[in-house]
>>> print(open('query_33.cif').read())   # mmCIF, C-alpha atoms
data_entry
#
loop_
_atom_site.label_atom_id
_atom_site.label_comp_id
_atom_site.auth_asym_id
_atom_site.auth_seq_id
_atom_site.Cartn_x
_atom_site.Cartn_y
_atom_site.Cartn_z
CA MET A 1 45.42 -186.93 -12.36
CA ALA A 2 45.93 -186.85 -16.10
CA THR A 3 43.00 -185.61 -18.14
CA LYS A 4 41.80 -187.60 -21.13
CA ALA A 5 43.32 -185.03 -23.50
CA THR A 6 46.69 -185.13 -21.70
CA LEU A 7 46.69 -188.91 -21.73
CA SER A 8 45.98 -188.93 -25.45
CA GLU A 9 48.77 -186.41 -26.12
CA ASP A 10 51.17 -188.51 -24.08
CA ILE A 11 50.21 -191.63 -26.01
CA ASP A 12 50.88 -189.80 -29.28
CA PHE A 13 54.21 -188.59 -27.89
CA TYR A 14 55.36 -192.09 -26.93
CA LEU A 15 54.08 -193.67 -30.14
CA ARG A 16 56.21 -191.19 -32.06
CA SER A 17 59.33 -191.17 -29.90
CA ILE A 18 59.56 -194.93 -29.40
CA ARG A 19 59.01 -195.52 -33.10
CA VAL A 20 61.83 -193.11 -34.01
CA ASN A 21 64.17 -194.99 -31.68
CA VAL A 22 63.17 -198.42 -32.96
CA GLU A 23 63.47 -197.39 -36.61
CA ALA A 24 66.97 -196.07 -35.90
CA LEU A 25 68.25 -199.40 -34.58
CA PRO A 26 69.76 -200.69 -37.86
CA ARG A 27 71.65 -197.41 -38.24
CA VAL A 28 72.84 -197.56 -34.63
CA GLU A 29 74.10 -201.12 -35.11
CA GLN A 30 75.95 -200.04 -38.23
CA ARG A 31 77.55 -197.13 -36.37
CA TRP A 32 78.69 -199.42 -33.57
CA SER A 33 80.56 -201.62 -36.03
CA ASP A 34 81.89 -198.80 -38.21
CA PRO A 35 85.70 -198.65 -37.81
CA GLU A 36 85.76 -195.12 -39.27
CA VAL A 37 85.39 -192.65 -36.40
CA PRO A 38 86.61 -189.08 -36.18
CA ALA A 39 90.09 -188.66 -34.73
CA PHE A 40 88.77 -186.81 -31.67
CA VAL A 41 86.62 -189.78 -30.61
CA THR A 42 88.40 -192.04 -28.13
CA PRO A 43 87.79 -195.76 -27.45
CA ASP A 44 86.29 -194.69 -24.09
CA ASP A 45 83.79 -192.48 -25.94
CA LEU A 46 82.76 -195.47 -28.08
CA LEU A 47 82.34 -197.66 -25.00
CA ALA A 48 80.35 -194.94 -23.22
CA ASP A 49 78.17 -194.56 -26.30
CA ARG A 50 77.21 -198.25 -26.30
CA VAL A 51 76.69 -198.55 -22.56
CA SER A 52 74.61 -195.38 -22.30
CA PHE A 53 72.52 -196.39 -25.31
CA ARG A 54 71.69 -199.70 -23.62
CA ASP A 55 70.84 -197.94 -20.35
CA GLU A 56 68.51 -195.52 -22.11
CA TRP A 57 67.00 -198.32 -24.18
CA ARG A 58 66.07 -200.17 -21.00
CA ASP A 59 64.07 -197.15 -19.89
CA LEU A 60 62.50 -196.88 -23.34
CA MET A 61 61.22 -200.46 -23.08
CA ASP A 62 59.89 -199.74 -19.58
CA ARG A 63 58.01 -196.76 -21.02
CA LEU A 64 56.68 -198.90 -23.86
CA GLU A 65 55.01 -201.05 -21.22
CA SER A 66 53.83 -198.34 -18.82
CA ARG A 67 52.96 -195.51 -21.19
CA LEU A 68 51.62 -197.47 -24.17
CA HIS A 69 50.84 -201.06 -23.31
CA ARG A 70 48.83 -200.34 -20.18
CA PRO A 71 46.64 -197.68 -21.85
CA PHE A 72 46.26 -200.09 -24.79
CA LEU A 73 45.00 -202.89 -22.53
CA ALA A 74 42.81 -200.47 -20.59
CA GLY A 75 41.13 -199.31 -23.80
CA HIS A 76 42.41 -195.76 -23.43
CA MET A 77 43.69 -195.54 -27.00
CA SER A 78 41.73 -194.27 -29.97
CA ASP A 79 41.39 -196.71 -32.87
CA ALA A 80 44.13 -194.86 -34.75
CA GLN A 81 46.44 -194.98 -31.74
CA ALA A 82 45.75 -198.68 -31.18
CA ASP A 83 46.57 -199.38 -34.84
CA ALA A 84 49.77 -197.36 -34.58
CA TYR A 85 50.66 -199.26 -31.41
CA ARG A 86 50.12 -202.64 -33.08
CA ALA A 87 52.29 -201.50 -36.00
CA LEU A 88 54.98 -200.43 -33.54
CA LEU A 89 54.90 -203.83 -31.84
CA SER A 90 55.22 -205.56 -35.23
CA LEU A 91 58.25 -203.42 -35.95
CA ILE A 92 59.77 -204.26 -32.56
CA ASP A 93 59.05 -207.94 -33.13
CA ALA A 94 60.92 -207.80 -36.43
CA MET A 95 63.86 -206.09 -34.69
CA LEU A 96 64.21 -208.69 -31.92
CA PRO A 97 67.18 -210.51 -33.56
CA LEU A 98 68.97 -207.20 -34.03
CA MET A 99 68.19 -206.23 -30.43
CA GLY A 100 69.71 -209.53 -29.33
CA ARG A 101 72.91 -208.85 -31.29
CA MET A 102 73.16 -205.37 -29.75
CA ARG A 103 72.41 -206.78 -26.28
CA LEU A 104 69.42 -204.49 -25.88
CA LYS A 105 66.65 -205.30 -23.46
CA PRO A 106 63.64 -206.69 -25.36
CA PRO A 107 60.13 -205.65 -24.40
CA PRO A 108 58.57 -207.73 -21.61
CA PRO A 109 57.30 -211.02 -23.11
CA ALA A 110 53.79 -210.20 -21.87
CA VAL A 111 53.71 -207.10 -24.08
CA LEU A 112 54.39 -209.02 -27.26
CA ALA A 113 52.13 -211.90 -26.18
CA ASP A 114 49.19 -209.58 -25.39
CA ALA A 115 49.62 -207.87 -28.73
CA ALA A 116 49.61 -211.23 -30.53
CA THR A 117 46.47 -212.29 -28.65
CA ASP A 118 44.81 -209.00 -29.48
CA SER A 119 45.77 -209.39 -33.13
CA ASP A 120 44.32 -212.95 -33.22
CA ALA A 121 41.13 -211.71 -31.61
CA ARG A 122 40.83 -208.92 -34.15
CA SER A 123 41.42 -211.32 -37.06
CA SER A 124 38.77 -213.63 -35.69
CA THR A 125 36.32 -210.74 -35.25
CA VAL A 126 36.95 -209.58 -38.81
CA ALA A 127 36.53 -213.16 -40.14
CA ASN A 128 33.25 -213.54 -38.33
CA MET B 129 82.84 -173.37 -37.09
CA PRO B 130 81.94 -177.02 -37.85
CA VAL B 131 81.00 -179.13 -34.85
CA ALA B 132 84.04 -181.39 -35.39
CA LEU B 133 86.45 -178.46 -35.10
CA ASP B 134 84.72 -177.30 -31.92
CA LEU B 135 85.23 -180.77 -30.51
CA LYS B 136 88.89 -180.95 -31.52
CA MET B 137 89.52 -177.65 -29.76
CA ALA B 138 87.61 -178.79 -26.70
CA ARG B 139 89.69 -181.96 -26.58
CA ARG B 140 92.93 -179.99 -26.89
CA GLN B 141 91.91 -177.59 -24.15
CA SER B 142 90.70 -180.44 -21.99
CA SER B 143 93.95 -182.36 -22.33
CA VAL B 144 95.79 -179.34 -20.93
CA ARG B 145 93.32 -178.91 -18.10
CA TRP B 146 92.57 -182.52 -17.34
CA GLY B 147 96.00 -183.92 -18.06
CA CYS B 148 97.47 -182.34 -14.92
CA ALA B 149 99.07 -184.68 -12.43
CA VAL B 150 96.62 -184.07 -9.57
CA VAL B 151 93.56 -184.97 -11.63
CA GLU B 152 95.28 -188.01 -13.13
CA GLU B 153 96.25 -189.13 -9.64
CA GLN B 154 92.65 -188.71 -8.42
CA ALA B 155 91.35 -190.63 -11.41
CA GLU B 156 93.68 -193.53 -10.72
CA ALA B 157 92.78 -193.53 -7.02
CA ILE B 158 89.03 -193.63 -7.76
CA SER B 159 89.51 -196.33 -10.37
CA ALA B 160 91.51 -198.41 -7.86
CA LEU B 161 88.89 -197.83 -5.15
CA ILE B 162 86.04 -199.05 -7.34
CA ARG B 163 88.03 -202.06 -8.52
CA ASP B 164 88.87 -202.98 -4.93
CA ILE B 165 85.28 -202.64 -3.72
CA GLY B 166 83.93 -204.45 -6.74
CA GLU B 167 86.35 -207.36 -6.64
CA SER B 168 86.48 -207.81 -2.87
CA GLY B 169 82.78 -207.36 -2.29
CA ARG B 170 83.53 -205.27 0.79
CA ASP B 171 81.38 -202.35 1.96
CA ILE B 172 82.31 -198.80 1.07
CA THR B 173 83.19 -196.53 4.01
CA ASP B 174 81.50 -193.16 4.52
CA GLU B 175 84.75 -191.36 3.73
CA GLU B 176 85.27 -193.36 0.51
CA LEU B 177 81.69 -192.75 -0.54
CA GLN B 178 82.07 -189.03 -0.02
CA ARG B 179 85.31 -189.05 -2.00
CA LEU B 180 83.63 -190.99 -4.81
CA ARG B 181 80.62 -188.66 -4.97
CA THR B 182 82.82 -185.56 -4.97
CA TYR B 183 85.04 -186.93 -7.71
CA LEU B 184 82.17 -188.03 -9.95
CA ALA B 185 80.33 -184.71 -9.58
CA ALA B 186 83.29 -182.38 -9.78
CA VAL B 187 85.62 -184.18 -12.18
CA SER B 188 83.87 -186.90 -14.21
CA LEU B 189 80.75 -184.86 -14.95
CA ALA B 190 82.77 -181.78 -15.80
CA ARG B 191 85.29 -183.55 -18.03
CA PRO B 192 84.62 -182.73 -21.67
CA SER B 193 83.59 -185.80 -23.62
CA VAL B 194 81.55 -186.54 -26.71
CA ALA B 195 78.45 -188.59 -27.50
CA ARG B 196 76.42 -189.30 -30.59
CA VAL B 197 73.45 -187.14 -31.45
CA ASP B 198 70.26 -189.08 -30.78
CA ASP B 199 68.37 -189.96 -33.95
CA GLY B 200 65.32 -188.21 -32.57
CA ALA B 201 67.31 -184.97 -32.40
CA GLY B 202 68.22 -185.09 -36.09
CA GLY B 203 67.15 -181.88 -37.84
CA LEU B 204 67.22 -179.78 -34.66
CA MET B 205 69.30 -176.60 -34.62
CA TRP B 206 72.00 -176.41 -31.93
CA GLU B 207 74.42 -173.50 -31.65
CA GLY B 208 74.07 -172.66 -35.32
CA HIS B 209 74.39 -176.24 -36.60
CA ILE B 210 71.67 -178.49 -37.94
CA LEU B 211 72.12 -181.77 -36.12
CA LYS B 212 72.20 -185.18 -37.77
CA GLY B 213 71.49 -188.39 -35.88
CA GLY B 214 74.73 -190.25 -35.16
CA ASP B 215 77.02 -187.21 -35.42
CA TRP B 216 79.27 -186.53 -32.45
CA MET B 217 78.74 -183.58 -30.16
CA PRO B 218 79.64 -182.67 -26.57
CA ARG B 219 78.10 -185.30 -24.28
CA LEU B 220 76.38 -182.82 -22.00
CA ALA B 221 74.63 -181.18 -24.96
CA ALA B 222 73.68 -184.52 -26.51
CA LYS B 223 72.10 -185.76 -23.28
CA TYR B 224 70.43 -182.42 -22.60
CA LEU B 225 68.81 -182.50 -26.05
CA LYS B 226 67.59 -186.05 -25.56
CA HIS B 227 66.32 -185.99 -21.99
CA VAL B 228 65.31 -182.35 -21.52
CA MET B 229 64.36 -180.99 -24.94
CA LEU B 230 62.99 -184.10 -26.64
CA ASN B 231 61.78 -186.35 -23.84
CA ARG B 232 60.72 -183.52 -21.48
CA GLU B 233 61.86 -185.44 -18.42
CA TRP B 234 62.92 -182.09 -16.88
CA PRO B 235 60.57 -179.09 -16.57
CA ASP B 236 60.11 -177.10 -19.77
CA GLY B 237 62.56 -174.21 -19.86
CA THR B 238 65.35 -176.06 -18.03
CA THR B 239 68.67 -174.76 -19.33
CA ILE B 240 71.70 -176.90 -20.10
CA GLU B 241 73.45 -175.38 -17.06
CA GLU B 242 70.50 -176.35 -14.85
CA TYR B 243 70.50 -179.86 -16.31
CA ALA B 244 74.20 -180.19 -15.45
CA GLU B 245 73.53 -178.77 -11.98
CA SER B 246 70.69 -181.23 -11.37
CA LEU B 247 72.95 -184.17 -12.27
CA ALA B 248 75.72 -182.96 -9.97
CA GLU B 249 73.15 -182.48 -7.17
CA ALA B 250 71.85 -186.01 -7.66
CA VAL B 251 75.35 -187.48 -7.50
CA GLN B 252 76.17 -185.60 -4.30
CA ASP B 253 72.80 -186.00 -2.60
CA PRO B 254 73.62 -187.73 0.72
CA THR B 255 70.17 -189.37 0.72
CA GLY B 256 70.76 -190.78 -2.75
CA GLY B 257 71.86 -194.30 -3.61
CA VAL B 258 74.97 -195.62 -5.34
CA TYR B 259 74.82 -198.86 -7.30
CA LEU B 260 77.79 -200.87 -8.58
CA GLU B 261 77.70 -203.47 -11.36
CA ARG B 262 79.76 -204.94 -14.20
CA ASP B 263 79.06 -203.83 -17.75
CA GLU B 264 81.19 -204.55 -20.83
CA ASP B 265 83.96 -205.92 -18.59
CA THR B 266 84.30 -202.74 -16.59
CA TRP B 267 82.76 -201.37 -13.40
CA LYS B 268 79.74 -199.14 -13.76
CA VAL B 269 78.54 -196.85 -10.98
CA THR B 270 75.01 -195.46 -11.05
CA CYS B 271 74.01 -192.68 -8.68
CA VAL B 272 70.31 -192.21 -8.01
CA ALA B 273 68.48 -189.49 -6.09
CA ARG B 274 64.98 -188.06 -5.92
CA SER B 275 64.22 -185.65 -8.77
CA HIS B 276 62.13 -183.21 -6.67
CA ARG B 277 61.87 -179.86 -8.50
CA TRP B 278 63.45 -181.31 -11.64
CA THR B 279 60.49 -183.55 -12.51
CA GLY B 280 59.16 -182.64 -15.94
CA ARG B 281 56.05 -183.69 -17.81
CA HIS B 282 57.56 -187.06 -18.73
CA GLY B 283 59.87 -187.15 -15.76
CA ALA B 284 59.81 -189.52 -12.82
CA ALA B 285 60.57 -189.68 -9.11
CA TYR B 286 64.31 -190.29 -9.48
CA ILE B 287 67.28 -189.02 -11.47
CA VAL B 288 69.98 -191.54 -12.38
CA VAL B 289 73.50 -190.60 -13.43
CA ALA B 290 75.76 -193.38 -14.67
CA PHE B 291 79.57 -193.53 -14.86
CA LEU B 292 82.40 -195.86 -15.85
CA PRO B 293 84.91 -194.74 -13.21
CA ALA B 294 87.73 -196.94 -14.50
CA LYS B 295 87.42 -195.33 -17.92
CA ASP B 296 86.39 -192.00 -16.45
CA PRO B 297 83.53 -190.96 -18.74
CA TRP B 298 80.10 -190.22 -17.38
CA LEU B 299 77.49 -191.97 -19.47
CA THR B 300 74.11 -190.36 -19.18
CA GLY B 301 71.66 -188.71 -16.80
CA PHE B 302 67.91 -189.22 -17.01
CA GLN B 303 64.72 -189.96 -15.08
CA PRO B 304 63.81 -193.64 -15.41
CA ASP B 305 60.13 -194.40 -15.55
CA ARG B 306 60.41 -197.35 -13.14
CA GLY B 307 62.39 -195.41 -10.56
CA LEU B 308 64.53 -197.60 -8.32
CA ARG B 309 63.29 -200.77 -10.00
CA TYR B 310 65.06 -199.57 -13.15
CA ILE B 311 68.34 -199.89 -11.25
CA THR B 312 67.79 -203.32 -9.81
CA GLN B 313 65.83 -205.05 -12.59
CA ASP B 314 69.01 -206.61 -14.00
CA GLN B 315 70.55 -207.29 -10.60
CA LEU B 316 70.75 -211.05 -11.05
CA ARG B 317 72.25 -210.79 -14.54
CA THR B 318 74.89 -208.23 -13.67
CA SER B 319 75.57 -209.24 -10.05
CA GLY B 320 75.09 -205.62 -9.13
CA ARG B 321 74.68 -204.36 -5.58
CA TRP B 322 73.92 -201.18 -3.71
CA LEU B 323 77.00 -199.58 -2.21
CA ARG B 324 74.55 -197.27 -0.49
CA ARG B 325 70.79 -197.61 -0.66
CA PRO B 326 68.77 -194.47 -1.24
CA ARG B 327 67.02 -193.22 1.89
#
>>> encode(input="query_33.cif", output="structure tokens")
Amino acid sequence: MATKATLSEDIDFYLRSIRVNVEALPRVEQRWSDPEVPAFVTPDDLLADRVSFRDEWRDLMDRLESRLHRPFLAGHMSDAQADAYRALLSLIDAMLPLMGRMRLKPPPPAVLADAATDSDARSSTVAN
Amino acid sequence: MPVALDLKMARRQSSVRWGCAVVEEQAEAISALIRDIGESGRDITDEELQRLRTYLAAVSLARPSVARVDDGAGGLMWEGHILKGGDWMPRLAAKYLKHVMLNREWPDGTTIEEYAESLAEAVQDPTGGVYLERDEDTWKVTCVARSHRWTGRHGAAYIVVAFLPAKDPWLTGFQPDRGLRYITQDQLRTSGRWLRRPR
């Protein structure tokens, strides 16, 4: 059973690591289309690089849901963590076209929908 | 020595070692086996499965290959070099850095040799599963077995190790959060199937 402190550390860990991966996507896309590769890199290495990236990305999106979205919905995040999570989802939302071009698995629709609902609710609370 | 020179030397040495006729013959036989099973839709026999597992663990995993440094590993020091995201380095080291050092899917303190050993164990585990699917117009084989003692803080119940047998490289080895559902979640899209279900 994870303690509250461990859970919070894990949330910080995933907020950081998923963000690093999402922010890197434009660079990764550029690398995939860059014809200049070192002479020791074979076409099979390039293929393996793309396929393994997609495999690992799939797991990253699964972890987004299980390690961040569920604690977010359950109210296990601090205010700062919840804000960082919303910012991460906005970033992912902006990257969806790029993710489509790279054939990367998007986050589950429910994740983005819940975040949008939460954002609307917050706006409405602030307005009131 | 710059990383690139290390890699050039590794490639040269590997072409001597891996270019021998026996290994090339094995590679072609495994590639043909996977193509046959994939295209015909037939079951794999116990003997073929054993041959496949042995080849993937002993040859594909051990074959020197390269992968890009994960962006999250940029700035880390590795064998005297400061790494930069996107640079090329030996695949085993790149995956070790990502899944053991950064993600902590394996227990803290796991060495690169132990990481390699755990992947080979997973591939050869007779209770483990083997999944076949199409990806980028080639056949992909994913071996999956329980992680047992290799479960780290952010690890999970299973280790997966993926290969492109027709091209020979191994792809990656990690512990997917969703376990077996990670393997089958795209089953409809990729027309994948279990050659052997995990027990």
>>> closest_atom_pairs(input="query_33.cif", of="chain B", to="chain A", cutoff="9 Å", atoms="only C-alpha atoms", output="Markdown table")
| residue | atom | partner | partner_atom | distance |
| --- | --- | --- | --- | --- |
| B:Ala132 | CA | A:Phe40 | CA | 8.1 |
| B:Leu135 | CA | A:Phe40 | CA | 7.1 |
| B:Lys136 | CA | A:Phe40 | CA | 5.9 |
| B:Arg139 | CA | A:Phe40 | CA | 7.1 |
| B:Ser193 | CA | A:Asp45 | CA | 7.1 |
| B:Val194 | CA | A:Asp45 | CA | 6.4 |
| B:Ala195 | CA | A:Asp49 | CA | 6.1 |
| B:Arg196 | CA | A:Asp49 | CA | 7.0 |
| B:Asp198 | CA | A:Asn21 | CA | 8.5 |
| B:Asp199 | CA | A:Ala24 | CA | 6.6 |
| B:Gly200 | CA | A:Val20 | CA | 6.2 |
| B:Gly213 | CA | A:Ala24 | CA | 8.9 |
| B:Gly214 | CA | A:Arg31 | CA | 7.5 |
| B:Trp216 | CA | A:Val41 | CA | 8.2 |
| B:Leu230 | CA | A:Ser17 | CA | 8.6 |
| B:Asn231 | CA | A:Ser17 | CA | 8.1 |
| B:Asp263 | CA | A:Val51 | CA | 7.5 |
| B:Glu264 | CA | A:Val51 | CA | 7.7 |
| B:His282 | CA | A:Asp10 | CA | 8.5 |
| B:Ala290 | CA | A:Ser52 | CA | 8.0 |
| B:Phe291 | CA | A:Ala48 | CA | 8.5 |
| B:Leu292 | CA | A:Ala48 | CA | 7.7 |
| B:Lys295 | CA | A:Asp44 | CA | 6.3 |
| B:Asp296 | CA | A:Asp44 | CA | 8.1 |
| B:Pro297 | CA | A:Ala48 | CA | 6.8 |
| B:Trp298 | CA | A:Ala48 | CA | 7.5 |
| B:Leu299 | CA | A:Ser52 | CA | 5.3 |
| B:Thr300 | CA | A:Ser52 | CA | 5.9 |
| B:Phe302 | CA | A:Glu56 | CA | 8.1 |
| B:Gln303 | CA | A:Asp59 | CA | 8.7 |
| B:Pro304 | CA | A:Asp59 | CA | 5.7 |
| B:Asp305 | CA | A:Arg63 | CA | 6.3 |
| B:Arg306 | CA | A:Asp62 | CA | 6.9 |
| B:Tyr310 | CA | A:Asp59 | CA | 7.2 |
>>> residues_around(input="query_33.cif", residues="Pro71 in chain A", least_positions_apart="4", cutoff="10 Å", atoms="only C-alpha atoms", output="number ranges by chain")
A: 7-8, 11, 65-67, 75-77, 82
>>> write_last_selection(input="query_33.cif", atoms="C-alpha atoms", output="PDB file, in the coordinates of the input")
ATOM      1  CA  LEU A   7      46.690-188.910 -21.730  1.00  0.00           C
ATOM      2  CA  SER A   8      45.980-188.930 -25.450  1.00  0.00           C
ATOM      3  CA  ILE A  11      50.210-191.630 -26.010  1.00  0.00           C
ATOM      4  CA  GLU A  65      55.010-201.050 -21.220  1.00  0.00           C
ATOM      5  CA  SER A  66      53.830-198.340 -18.820  1.00  0.00           C
ATOM      6  CA  ARG A  67      52.960-195.510 -21.190  1.00  0.00           C
ATOM      7  CA  GLY A  75      41.130-199.310 -23.800  1.00  0.00           C
ATOM      8  CA  HIS A  76      42.410-195.760 -23.430  1.00  0.00           C
ATOM      9  CA  MET A  77      43.690-195.540 -27.000  1.00  0.00           C
ATOM     10  CA  ALA A  82      45.750-198.680 -31.180  1.00  0.00           C
TER      11      ALA A  82
END
>>> resolve_selection(input="query_33.cif", expression="the PyMOL selection byres ((chain B and resi 220) around 9)", output="PyMOL selection string")
chain B and resi 189-190+192-195+217-219+221-225+240+243-244+300
>>> write_last_selection(input="query_33.cif", atoms="C-alpha atoms", output="PDB file, in the frame of the given file")
ATOM      1  CA  LEU B 189      80.750-184.860 -14.950  1.00  0.00           C
ATOM      2  CA  ALA B 190      82.770-181.780 -15.800  1.00  0.00           C
ATOM      3  CA  PRO B 192      84.620-182.730 -21.670  1.00  0.00           C
ATOM      4  CA  SER B 193      83.590-185.800 -23.620  1.00  0.00           C
ATOM      5  CA  VAL B 194      81.550-186.540 -26.710  1.00  0.00           C
ATOM      6  CA  ALA B 195      78.450-188.590 -27.500  1.00  0.00           C
ATOM      7  CA  MET B 217      78.740-183.580 -30.160  1.00  0.00           C
ATOM      8  CA  PRO B 218      79.640-182.670 -26.570  1.00  0.00           C
ATOM      9  CA  ARG B 219      78.100-185.300 -24.280  1.00  0.00           C
ATOM     10  CA  ALA B 221      74.630-181.180 -24.960  1.00  0.00           C
ATOM     11  CA  ALA B 222      73.680-184.520 -26.510  1.00  0.00           C
ATOM     12  CA  LYS B 223      72.100-185.760 -23.280  1.00  0.00           C
ATOM     13  CA  TYR B 224      70.430-182.420 -22.600  1.00  0.00           C
ATOM     14  CA  LEU B 225      68.810-182.500 -26.050  1.00  0.00           C
ATOM     15  CA  ILE B 240      71.700-176.900 -20.100  1.00  0.00           C
ATOM     16  CA  TYR B 243      70.500-179.860 -16.310  1.00  0.00           C
ATOM     17  CA  ALA B 244      74.200-180.190 -15.450  1.00  0.00           C
ATOM     18  CA  THR B 300      74.110-190.360 -19.180  1.00  0.00           C
TER      19      THR B 300
END
>>> residues_around(input="query_33.cif", residues="Arg170 in chain B", least_positions_apart="3", cutoff="12 Å", atoms="all atoms listed in the file", output="PyMOL selection string")
chain B and resi 161-167+173+260+321-323
>>> resolve_selection(input="query_33.cif", expression="the PyMOL selection byres ((chain A and resi 93) around 12)", output="list of chain:residue names")
A:Val22, A:Glu23, A:Arg86, A:Ala87, A:Leu88, A:Leu89, A:Ser90, A:Leu91, A:Ile92, A:Ala94, A:Met95, A:Leu96, A:Pro97, A:Leu98, A:Met99, A:Gly100, A:Pro106, A:Pro107, A:Pro108, A:Pro109, A:Val111, A:Leu112, A:Ala113, A:Ala115, A:Ala116
>>> closest_residue(input="query_33.cif", among="B:Ala294, B:Val197, B:Asp215, B:Trp278", to="Glu242 in chain B", atoms="all atoms listed in the file")
B:Trp278
>>> closest_residue(input="query_33.cif", among="B:Gly307, B:Pro293, B:His209, B:Lys226", to="Ala160 in chain B", atoms="only C-alpha atoms")
B:Pro293
>>> decode(input="query_33.cif", residues="range 309-315 of chain B", atoms="all heavy atoms", output="PDB file, in the first residue's frame")
ATOM      1  N   ARG B 309      -2.497  -6.583 -20.895  1.00  0.00           N
ATOM      2  CA  ARG B 309      -3.405  -5.766 -21.715  1.00  0.00           C
ATOM      3  C   ARG B 309      -2.626  -4.812 -22.619  1.00  0.00           C
ATOM      4  O   ARG B 309      -3.110  -4.379 -23.659  1.00  0.00           O
ATOM      5  CB  ARG B 309      -4.378  -4.991 -20.818  1.00  0.00           C
ATOM      6  CG  ARG B 309      -5.524  -5.865 -20.321  1.00  0.00           C
ATOM      7  CD  ARG B 309      -6.473  -5.069 -19.475  1.00  0.00           C
ATOM      8  NE  ARG B 309      -5.756  -4.442 -18.370  1.00  0.00           N
ATOM      9  CZ  ARG B 309      -6.128  -3.328 -17.752  1.00  0.00           C
ATOM     10  NH1 ARG B 309      -7.220  -2.705 -18.134  1.00  0.00           N
ATOM     11  NH2 ARG B 309      -5.435  -2.842 -16.748  1.00  0.00           N
ATOM     12  N   TYR B 310      -1.397  -4.486 -22.219  1.00  0.00           N
ATOM     13  CA  TYR B 310      -0.549  -3.658 -23.079  1.00  0.00           C
ATOM     14  C   TYR B 310      -0.327  -4.367 -24.415  1.00  0.00           C
ATOM     15  O   TYR B 310      -0.338  -3.742 -25.479  1.00  0.00           O
ATOM     16  CB  TYR B 310       0.812  -3.392 -22.407  1.00  0.00           C
ATOM     17  CG  TYR B 310       1.847  -2.908 -23.376  1.00  0.00           C
ATOM     18  CD1 TYR B 310       1.937  -1.565 -23.725  1.00  0.00           C
ATOM     19  CD2 TYR B 310       2.729  -3.799 -24.000  1.00  0.00           C
ATOM     20  CE1 TYR B 310       2.869  -1.133 -24.648  1.00  0.00           C
ATOM     21  CE2 TYR B 310       3.659  -3.378 -24.921  1.00  0.00           C
ATOM     22  CZ  TYR B 310       3.725  -2.038 -25.238  1.00  0.00           C
ATOM     23  OH  TYR B 310       4.640  -1.623 -26.167  1.00  0.00           O
ATOM     24  N   ILE B 311      -0.142  -5.685 -24.346  1.00  0.00           N
ATOM     25  CA  ILE B 311       0.155  -6.462 -25.552  1.00  0.00           C
ATOM     26  C   ILE B 311      -1.051  -6.503 -26.481  1.00  0.00           C
ATOM     27  O   ILE B 311      -0.916  -6.348 -27.694  1.00  0.00           O
ATOM     28  CB  ILE B 311       0.515  -7.927 -25.184  1.00  0.00           C
ATOM     29  CG1 ILE B 311       1.695  -7.965 -24.205  1.00  0.00           C
ATOM     30  CG2 ILE B 311       0.807  -8.756 -26.431  1.00  0.00           C
ATOM     31  CD1 ILE B 311       3.014  -7.687 -24.812  1.00  0.00           C
ATOM     32  N   THR B 312      -2.211  -6.728 -25.897  1.00  0.00           N
ATOM     33  CA  THR B 312      -3.372  -7.016 -26.740  1.00  0.00           C
ATOM     34  C   THR B 312      -4.248  -5.789 -27.028  1.00  0.00           C
ATOM     35  O   THR B 312      -5.226  -5.903 -27.748  1.00  0.00           O
ATOM     36  CB  THR B 312      -4.252  -8.098 -26.071  1.00  0.00           C
ATOM     37  OG1 THR B 312      -4.536  -7.696 -24.735  1.00  0.00           O
ATOM     38  CG2 THR B 312      -3.536  -9.428 -26.047  1.00  0.00           C
ATOM     39  N   GLN B 313      -3.897  -4.632 -26.491  1.00  0.00           N
ATOM     40  CA  GLN B 313      -4.806  -3.481 -26.646  1.00  0.00           C
ATOM     41  C   GLN B 313      -4.983  -3.063 -28.102  1.00  0.00           C
ATOM     42  O   GLN B 313      -6.005  -2.488 -28.448  1.00  0.00           O
ATOM     43  CB  GLN B 313      -4.328  -2.296 -25.801  1.00  0.00           C
ATOM     44  CG  GLN B 313      -2.974  -1.727 -26.181  1.00  0.00           C
ATOM     45  CD  GLN B 313      -2.541  -0.596 -25.254  1.00  0.00           C
ATOM     46  OE1 GLN B 313      -3.149   0.449 -25.224  1.00  0.00           O
ATOM     47  NE2 GLN B 313      -1.502  -0.805 -24.472  1.00  0.00           N
ATOM     48  N   ASP B 314      -3.970  -3.340 -28.949  1.00  0.00           N
ATOM     49  CA  ASP B 314      -4.089  -2.968 -30.354  1.00  0.00           C
ATOM     50  C   ASP B 314      -4.351  -4.181 -31.239  1.00  0.00           C
ATOM     51  O   ASP B 314      -4.108  -4.162 -32.435  1.00  0.00           O
ATOM     52  CB  ASP B 314      -2.817  -2.260 -30.825  1.00  0.00           C
ATOM     53  CG  ASP B 314      -2.748  -0.847 -30.276  1.00  0.00           C
ATOM     54  OD1 ASP B 314      -3.797  -0.327 -29.882  1.00  0.00           O
ATOM     55  OD2 ASP B 314      -1.647  -0.278 -30.230  1.00  0.00           O
ATOM     56  N   GLN B 315      -4.861  -5.247 -30.620  1.00  0.00           N
ATOM     57  CA  GLN B 315      -5.008  -6.517 -31.331  1.00  0.00           C
ATOM     58  C   GLN B 315      -5.849  -6.383 -32.605  1.00  0.00           C
ATOM     59  O   GLN B 315      -5.499  -6.921 -33.646  1.00  0.00           O
ATOM     60  CB  GLN B 315      -5.655  -7.541 -30.398  1.00  0.00           C
ATOM     61  CG  GLN B 315      -5.573  -8.967 -30.903  1.00  0.00           C
ATOM     62  CD  GLN B 315      -5.903  -9.965 -29.798  1.00  0.00           C
ATOM     63  OE1 GLN B 315      -6.469  -9.596 -28.778  1.00  0.00           O
ATOM     64  NE2 GLN B 315      -5.541 -11.200 -30.004  1.00  0.00           N
TER      65      GLN B 315
END
